[in-house]
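So the structure is just underneath, and the comments pick up after that.
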Amino acid sequence: MIPAPKTLRVAKIFTIAGLPLLPFSGLGLRLGLWGMTAGLLLFLVAAVLCLIGVVFALIAAVTSRPRHYPSPPPDKPGFIQPQQLGFGPSIITLGLGLIGVGVFLRWFLIATSTPPIHDVTTDTDDPPKFVAILPLRATAPNGSEYGGAKVAEAQHKGYPDLTGMELHSPPERAWGPALTAAKAMGWDMVAADSAAGRIEATATTRWFGFKDDVVIRLRPAGSSATRLDVRSVSRLGGGDVGTNAKRIRAYLGRVRDAAGDS
């Protein structure tokens, strides 16, 4: 077995290399230093480096763990067995490496448990359409047209809770809470057409800085109610790791709070 001090050094090297690479993979993508493929690859490499660091840190911790030794010499009251000196640093390195591995595993588990779609809406039969945002999506790999029955089926299976919201007020009164909630989400507002009952905005994801577009539609539902529907679409990528559905849920929650609807 590799001596504990050397094992700990190896663990530190891999952990120190991998942990900063996790945020840097997304930062470089935001700054335009590389594309999505390279950013995701760096994210994976960072996780692998951290995993190797975890393995070596675990070995170092086991080989340097505190054990019972004969009493220290009388002339050395503070004597500590040399192999115990690396236990504390090994545990710290192990914890840091697990943070990096945990970040990747969380992302991976979400990615594999959500439908591989990038277009999510509360109305799959008649999805809200983009108008003002269309020029911004002109060069985006993902188009603006809805994917049809296949996408709808995947969404219903993965997000059965996503449906339109009925507000107990006419559109002219529901408009205020809908717009207030959209602004509170921190999106970049693109258009707010009260006459058409349409709000359009662009959201930016935290880690990689991906651009996703949102359109909100308000329609009369009877004489004194409003049907509110939302659609969130990624400009890039086949799947969205559940981001668009999570965004829609958060927005509907804000609308519910702002409108006072239960």
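Chain lettering (A, B, ...) mirrors the order of the structure tokens, residue numbering begins at 1 for each chain separately, and ligand numbering begins at 1 in order of display.
The shell of residues at most 8 Å from range 52-55 of chain A, with only C-alpha atoms counted and near chain neighbours (fewer than 5 positions) removed, consists of Val10, Ala11, Lys12, Ile13, Phe14, Thr15, Thr93, Leu94, Gly95, Gly97 and Leu98 of chain A.
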Grab the residues selected above and save them as a PDB file, in the first residue's frame with C-alpha atoms.
ATOM      1  CA  VAL A  10      -2.021  12.486  -4.425  1.00  0.00           C
ATOM      2  CA  ALA A  11      -5.502  13.043  -2.996  1.00  0.00           C
ATOM      3  CA  LYS A  12      -4.827  16.765  -2.565  1.00  0.00           C
ATOM      4  CA  ILE A  13      -3.504  17.132  -6.113  1.00  0.00           C
ATOM      5  CA  PHE A  14      -6.599  15.582  -7.705  1.00  0.00           C
ATOM      6  CA  THR A  15      -9.044  17.364  -5.408  1.00  0.00           C
ATOM      7  CA  THR A  93      -9.541  16.435   1.636  1.00  0.00           C
ATOM      8  CA  LEU A  94     -12.109  13.632   1.604  1.00  0.00           C
ATOM      9  CA  GLY A  95     -14.886  16.072   2.456  1.00  0.00           C
ATOM     10  CA  GLY A  97     -13.686  15.754  -2.840  1.00  0.00           C
ATOM     11  CA  LEU A  98     -17.132  14.495  -1.841  1.00  0.00           C
TER      12      LEU A  98
END
Would you mind writing down, as number ranges by chain, each residue of range 10-117 of chain A that DSSP on the backbone assigns to alpha helix (DSSP H)?
A: 10-18, 21-30, 36-63, 87-113
Minimum-distance residue to Leu228 in chain A, chosen among A:Met165, A:Ala245, A:Leu105, A:Ala258 (using only C-alpha atoms)
A:Met165
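Residues within 7 Å of Thr121 in chain A, counting only C-alpha atoms and excluding same-chain residues fewer than 4 positions away, are Pro127, Val230, Arg231 and Ser232 of chain A.
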What lies within 9 Å of Ala154 in chain A using only C-alpha atoms, ignoring chain neighbours under 6 positions off, as a count of residues only?
3
List as an NGL selection string the protein and nucleic acid residues near Gly100 in chain A, meaning an atom at most 7 Å away when only C-alpha atoms are counted, but skip any in the same chain fewer than 6 places from it.
:A and (19 or 47 or 50)
Filtered DSSP result for range 25-228 of chain A, state strand (DSSP E or B), as a PyMOL selection string
chain A and resi 119-121+165-167+188-193+198-204+211-220+226-228
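Among the candidate residues A:Ala111, A:Val62, A:Ala17, A:Leu29, the one lying nearest to Asp240 in chain A is A:Ala111, with distances computed using only C-alpha atoms.
Restricting the calculation to only C-alpha atoms, the smallest distance between Val101 in chain A and any of A:Leu162, A:Ile248, A:Leu22, A:Leu42 is found for A:Leu22.
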Find the residues of range 89-187 of chain A that sit at most 12 Å from range 30-40 of chain A; for each, write down the nearest two atoms and how far apart they are in Å, to one decimal. Count only C-alpha atoms. Sort by chain, then by number going up, and give it as a tab-separated table.
residue	atom	partner	partner_atom	distance
A:Phe104	CA	A:Leu40	CA	10.7
A:Trp107	CA	A:Leu40	CA	11.2
A:Phe108	CA	A:Leu40	CA	11.5
A:Pro141	CA	A:Met36	CA	11.7
Could you please take those selected residues and save C-alpha atoms as an mmCIF file, in the first residue's frame?
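Saved as out.cif:
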data_model
loop_
_atom_site.group_PDB
_atom_site.id
_atom_site.type_symbol
_atom_site.label_atom_id
_atom_site.label_comp_id
_atom_site.auth_asym_id
_atom_site.auth_seq_id
_atom_site.Cartn_x
_atom_site.Cartn_y
_atom_site.Cartn_z
ATOM 1 C CA PHE A 104 -22.055 16.050 -10.272
ATOM 2 C CA TRP A 107 -26.926 16.899 -11.621
ATOM 3 C CA PHE A 108 -26.678 13.377 -13.089
ATOM 4 C CA PRO A 141 -30.135 25.402 -32.390
#
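Minimum atom-to-atom distance to Gly197 in chain A, evaluated using only C-alpha atoms, belongs to A:Lys129 out of A:Lys129, A:His156, A:His118, A:Arg137.
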Counting only C-alpha atoms, the residue of A:Val151, A:Thr122, A:Gly86, A:Thr202 that sits nearest Leu134 in chain A
A:Thr202
